[in-house]
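Below is one structure; the comments refer to it alone.
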Amino acid sequence: MNGAKRSNPIASARDPGTTLARVNRLVTLAVLAVALLGSACGSTDGEPGSEGLDDSFYPNLGNGGYDVLHYDIDLDIDPEANTIQALTTITSRATQDLSAFNLDLSGLTVTEVQINGSRAEFSRSNTELIIEPAGALASGSEFSTSVSYSGSPEPVADPGVPYQPLGWQNIRGTILTASEPSGSMSWFPSNNHPTDKATFEIRITVPTPFTAASNGILVEESSADGYTTTTWRMDDPMATYLAAVYVGDFERVETNQAGGPLIRDYLPRDSPAEIAEALSITPQVISYYEDLLGPYPFDAYGTIVMPHTLGFAMENQTLSVHGRDTIDPLVIAHEIAHQWLGNSSTLDDWSETWLHEGFATYLSSMYMAEHHGWHLDVKMAGWHGTLSRWNSVPPMEIENAQMFDVSVYWRGALTLHALRGLVGETVFSEILRTHYQQSANGNTNTVEFLAVVTQLAGSEAAELVESWLYDDPMPPL
Ligand code: ARG
Ligand code: ZN
């Protein structure tokens with residue numbers, strides 16, 4: 001578009017007096033007109049959407065030019081071979097005139113892509129699936145993208161979690177997903193960044209002896225010819241990293257709680273009674289946070305317990321996964337806290353994980369103090385002492401590989417504890433509640449949190465929070 005302006009041929013015509021010059025001028029005018037026409041058409045042809053969203057740690061995650069409204073994911077799973085046959089249909093709205101756009105997908109074989117029911121060209125480059133519709137998609141228009149793909153999903157290597165595989169895994173016959181931050185692209189194509197949340201419907205077909213579980217409400221279950229299909233609906237916005245699929249030998253255990261969300265846990269069949277016993281605190285934890293923050297954000301909650309150890313737990317929306325080794329009240333309460341802070345109110349850049357981990361750590365500690373005999377001041381002093389001797393990277397100064405560093409969890413929690421000490425109980429709860437409610441069902445960041453602190457407690461309080469988040473060395477307790 002700018003090219004025509006830069007080389008304006010009229011301005012450079014040398015001798016306007018001669019016939020030849022006039023002819024030249026007419027020719028160049030015609031050339032110019034064609035160039036202008038061409039560039040006008042160019043803008044209705046659109047431009048490719050960007051291949052990333054400028055995340056500080058993951059510049060290539062997510063894609064520009066469109067906004068996903070809904071994912072419909074259809075998975076046919078062979079658990080023994082660990083293979084899938086899949087069709088993901090994505091409803092999006094174009095945010096610019098689009099000549100092409102990307103999805104994020106790692107591995108697997110894509111066999112066909114359709115836009116609004118017509119075949120589209122596609123190519124692949126690393127984790128980018130590049131799609132070229134037959135005609136441009138107009139800004140503001142809604143369109144559907146169907147991707148047919150298959151293969152054996154492989155975990156992704158993620159620089160934020162260098163110590164473990166991420167995404168789809170098959171551990172001794174149990175299929176599990178744990179995808180924070182980038183792993184969901186190991187099993188479905190998406191706009192893989194937490195700023196583009198969408199609703200989901202996930203349909204899973206497995207051979208009949210297997211049980212499948214996913215996010216939200218189980219809306220349909222049918223069996224035929226030795227296969228069982230379950231359909232799961234997540235009607236509240238969900239970030240891609242919180243989407244989850246499990247396949248194994250599980251037993252569904254429902255607890256109906258008057259006035260609360262549906263509680264359904266998935267336990268390995270024939271689990272020892274202590275597991276169900278440990279999980280029985282769930283309704284109490286939920287109502288503790290409801291008093292603090294506001295109503296539980298989703299229709300259901302539950303824990304899926306792996307038949308093996310895991311070394312971590314993960315707060316998938318409405319279906320946290322725990323290993324046999326991570327079913328204690330603190331971790332259970334931590335993953336439940338994430339349903340408000342992390343899942344409903346979600347960071348907008350992966351460099352700010354303290355907004356999830358610091359809050360979940362502190363809120364679960366408050367629950368432990370209220371119901372399990374923790375002495376909060378003593379506990380916090382203990383963490384402070386350990387971090388000062390060992391590792392106290394300021395949570396807002398972390399590098400990619402440190403996004404789940406213990407300092408993000410503990411110093412994040414200490415930040416809130418120090419703030420509470422300064423402003424007192426009433427103002428502190430107001431801050432928590434306001435921060436959560438302003439960003440529920442959406443995204444937030446540290447600047448917004450600091451604005452809430454300033455508004456409700458003044459700039460001295462905001463400066464205290466800043467020094468906990470940014471300063472080296474860590475402030476004294
Ligand atoms: N958000 C998780 C937690 O609550 C940490 C997840 C780290 N990622 C992972 N795949 N292990 O602690
Ligand atoms: Zn956490």
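Chains: A, B, ... in order of the structure tokens. Residues: from 1 per chain. Ligands: from 1, in order shown.
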Query - DSSP alpha helix (DSSP H) selection over region 414-464 of chain A, as JSON, numbers by chain - result: {"A": [414, 415, 416, 417, 418, 419, 420, 421, 422, 423, 425, 426, 427, 428, 429, 430, 431, 432, 433, 434, 435, 436, 437, 438, 439, 446, 447, 448, 449, 450, 451, 452, 453, 454, 455, 456, 457, 459, 460, 461, 462, 463, 464]}
Query raised in the report: ligand 1: which residues are within 8 Å, counting only C-alpha atoms and all ligand atoms, as number ranges by chain?
Result: A: 161, 164-167, 178-181, 312-315, 331, 334-335, 338, 356-357, 360, 404
Please produce an output containing N, CA and C atoms for each residue in the selection, written as a CSV table (one decimal), in the first residue's frame.
chain,number,residue,atom,x,y,z
A,161,VAL,N,8.5,-25.5,32.2
A,161,VAL,CA,8.5,-26.7,33.0
A,161,VAL,C,9.5,-27.7,32.5
A,164,GLN,N,9.6,-31.6,33.6
A,164,GLN,CA,8.6,-32.7,33.3
A,164,GLN,C,7.9,-32.5,31.9
A,165,PRO,N,7.4,-33.7,31.4
A,165,PRO,CA,6.7,-33.6,30.1
A,165,PRO,C,5.4,-32.9,30.3
A,166,LEU,N,4.9,-32.3,29.3
A,166,LEU,CA,3.7,-31.5,29.4
A,166,LEU,C,2.7,-31.8,28.4
A,167,GLY,N,1.4,-31.8,28.8
A,167,GLY,CA,0.4,-32.1,27.8
A,167,GLY,C,0.0,-33.6,28.0
A,178,ALA,N,-1.9,-32.7,31.5
A,178,ALA,CA,-1.6,-31.7,32.5
A,178,ALA,C,-0.8,-30.7,31.6
A,179,SER,N,-1.4,-29.5,31.3
A,179,SER,CA,-1.0,-28.7,30.2
A,179,SER,C,-0.4,-27.4,30.5
A,180,GLU,N,-0.4,-26.9,31.7
A,180,GLU,CA,0.0,-25.6,32.0
A,180,GLU,C,1.6,-25.5,31.8
A,181,PRO,N,2.1,-24.5,31.0
A,181,PRO,CA,1.3,-23.5,30.2
A,181,PRO,C,1.0,-23.9,28.8
A,312,PHE,N,3.0,-33.6,41.5
A,312,PHE,CA,2.3,-32.2,41.4
A,312,PHE,C,0.8,-32.5,41.4
A,313,ALA,N,0.1,-31.4,41.4
A,313,ALA,CA,-1.3,-31.4,41.1
A,313,ALA,C,-1.6,-30.3,40.1
A,314,MET,N,-2.7,-30.3,39.4
A,314,MET,CA,-3.0,-29.3,38.4
A,314,MET,C,-4.5,-29.0,38.4
A,315,GLU,N,-4.8,-27.7,38.4
A,315,GLU,CA,-6.1,-27.2,38.7
A,315,GLU,C,-7.0,-27.1,37.4
A,331,VAL,N,-2.8,-29.2,49.4
A,331,VAL,CA,-2.8,-29.3,47.9
A,331,VAL,C,-4.3,-29.3,47.4
A,334,HIS,N,-5.4,-25.8,47.7
A,334,HIS,CA,-4.7,-25.0,46.7
A,334,HIS,C,-5.3,-25.1,45.3
A,335,GLU,N,-5.6,-26.3,44.9
A,335,GLU,CA,-6.2,-26.4,43.5
A,335,GLU,C,-7.6,-25.9,43.5
A,338,HIS,N,-7.5,-22.2,43.0
A,338,HIS,CA,-7.3,-21.8,41.6
A,338,HIS,C,-8.5,-21.7,40.8
A,356,HIS,N,-1.5,-16.4,40.1
A,356,HIS,CA,-2.2,-17.7,40.4
A,356,HIS,C,-1.6,-18.4,41.6
A,357,GLU,N,-0.3,-18.6,41.6
A,357,GLU,CA,0.3,-19.4,42.6
A,357,GLU,C,0.4,-18.8,44.0
A,360,ALA,N,-3.2,-18.7,45.3
A,360,ALA,CA,-3.7,-20.0,45.7
A,360,ALA,C,-3.0,-20.5,46.9
A,404,PHE,N,7.3,-21.6,37.9
A,404,PHE,CA,6.7,-22.4,39.0
A,404,PHE,C,7.8,-22.6,40.1
What's the 7 Å shell around Asn400 (chain A), counting only C-alpha atoms, without same-chain residues fewer than 2 positions away, as a PDB file with N, CA and C atoms, in the first residue's frame?
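So the final result, stored in around-v1.pdb, reads:
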ATOM      1  N   PHE A  57       7.025 -14.530  27.799  1.00  0.00           N
ATOM      2  CA  PHE A  57       7.784 -15.787  27.802  1.00  0.00           C
ATOM      3  C   PHE A  57       7.531 -16.635  26.556  1.00  0.00           C
ATOM      4  N   PRO A 159       9.789 -24.666  28.019  1.00  0.00           N
ATOM      5  CA  PRO A 159      10.882 -24.089  28.810  1.00  0.00           C
ATOM      6  C   PRO A 159      10.445 -23.648  30.214  1.00  0.00           C
ATOM      7  N   GLY A 160       9.135 -23.515  30.439  1.00  0.00           N
ATOM      8  CA  GLY A 160       8.655 -23.116  31.762  1.00  0.00           C
ATOM      9  C   GLY A 160       8.585 -24.287  32.730  1.00  0.00           C
ATOM     10  N   ILE A 398      11.051 -13.044  37.558  1.00  0.00           N
ATOM     11  CA  ILE A 398      11.430 -14.411  37.197  1.00  0.00           C
ATOM     12  C   ILE A 398      11.769 -14.539  35.715  1.00  0.00           C
ATOM     13  N   GLN A 402      11.585 -20.208  35.684  1.00  0.00           N
ATOM     14  CA  GLN A 402      11.248 -20.039  37.101  1.00  0.00           C
ATOM     15  C   GLN A 402       9.759 -19.796  37.337  1.00  0.00           C
ATOM     16  N   MET A 403       8.942 -19.986  36.314  1.00  0.00           N
ATOM     17  CA  MET A 403       7.543 -19.592  36.503  1.00  0.00           C
ATOM     18  C   MET A 403       6.795 -20.413  37.548  1.00  0.00           C
TER      19      MET A 403
END
Query - Within 8 Å of region 448-462 of chain A using only C-alpha atoms, minus same-chain residues under 5 positions, as number ranges by chain - result: A: 419, 422-423, 427, 430-431, 434-435
For the selection just defined, write its residues with C-alpha atoms to a file, as an mmCIF file, in the first residue's frame.
data_model
loop_
_atom_site.group_PDB
_atom_site.id
_atom_site.type_symbol
_atom_site.label_atom_id
_atom_site.label_comp_id
_atom_site.auth_asym_id
_atom_site.auth_seq_id
_atom_site.Cartn_x
_atom_site.Cartn_y
_atom_site.Cartn_z
ATOM 1 C CA LEU A 419 -0.302 -6.696 52.837
ATOM 2 C CA LEU A 422 -0.420 -3.675 57.041
ATOM 3 C CA VAL A 423 -4.047 -3.015 56.056
ATOM 4 C CA VAL A 427 -9.550 -3.984 53.987
ATOM 5 C CA GLU A 430 -12.157 -6.138 50.352
ATOM 6 C CA ILE A 431 -8.984 -6.125 48.237
ATOM 7 C CA THR A 434 -12.539 -6.671 44.450
ATOM 8 C CA HIS A 435 -9.509 -8.023 42.618
#
Requested in this report: Excluding Asn102 (chain A) and residues on its chain fewer than 3 positions from it, collect all residues at most 6 Å away from it, counting only C-alpha atoms, and give them as a list of chain:residue names.
Outcome: A:Asn63, A:Leu129, A:Ile130, A:Ile131
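Using only C-alpha atoms, the nearest neighbour of Gly135 (chain A) within the list A:Thr91, A:Asn116, A:Thr346, A:Asn82 is A:Asn116.
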Query raised in the report: Hey, what's within 8 Å of Asp76 (chain A) if we count only C-alpha atoms and toss same-chain stuff fewer than 2 positions away? As JSON, numbers by chain, please?
Result: {"A": [74, 78, 84, 85, 86, 204, 205, 206]}
Query raised in the report: Got a sec: who's within 6 Å of Lys197 (chain A), counting only C-alpha atoms, leaving out chain neighbours fewer than 3 positions off, as a ChimeraX atom specification?
Result: /A:237-239
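Of the listed residues A:His417, A:Lys379, A:Arg119, A:Arg324, the one whose atoms come nearest to Trp468 (chain A) is A:His417, with distances taken using only C-alpha atoms.
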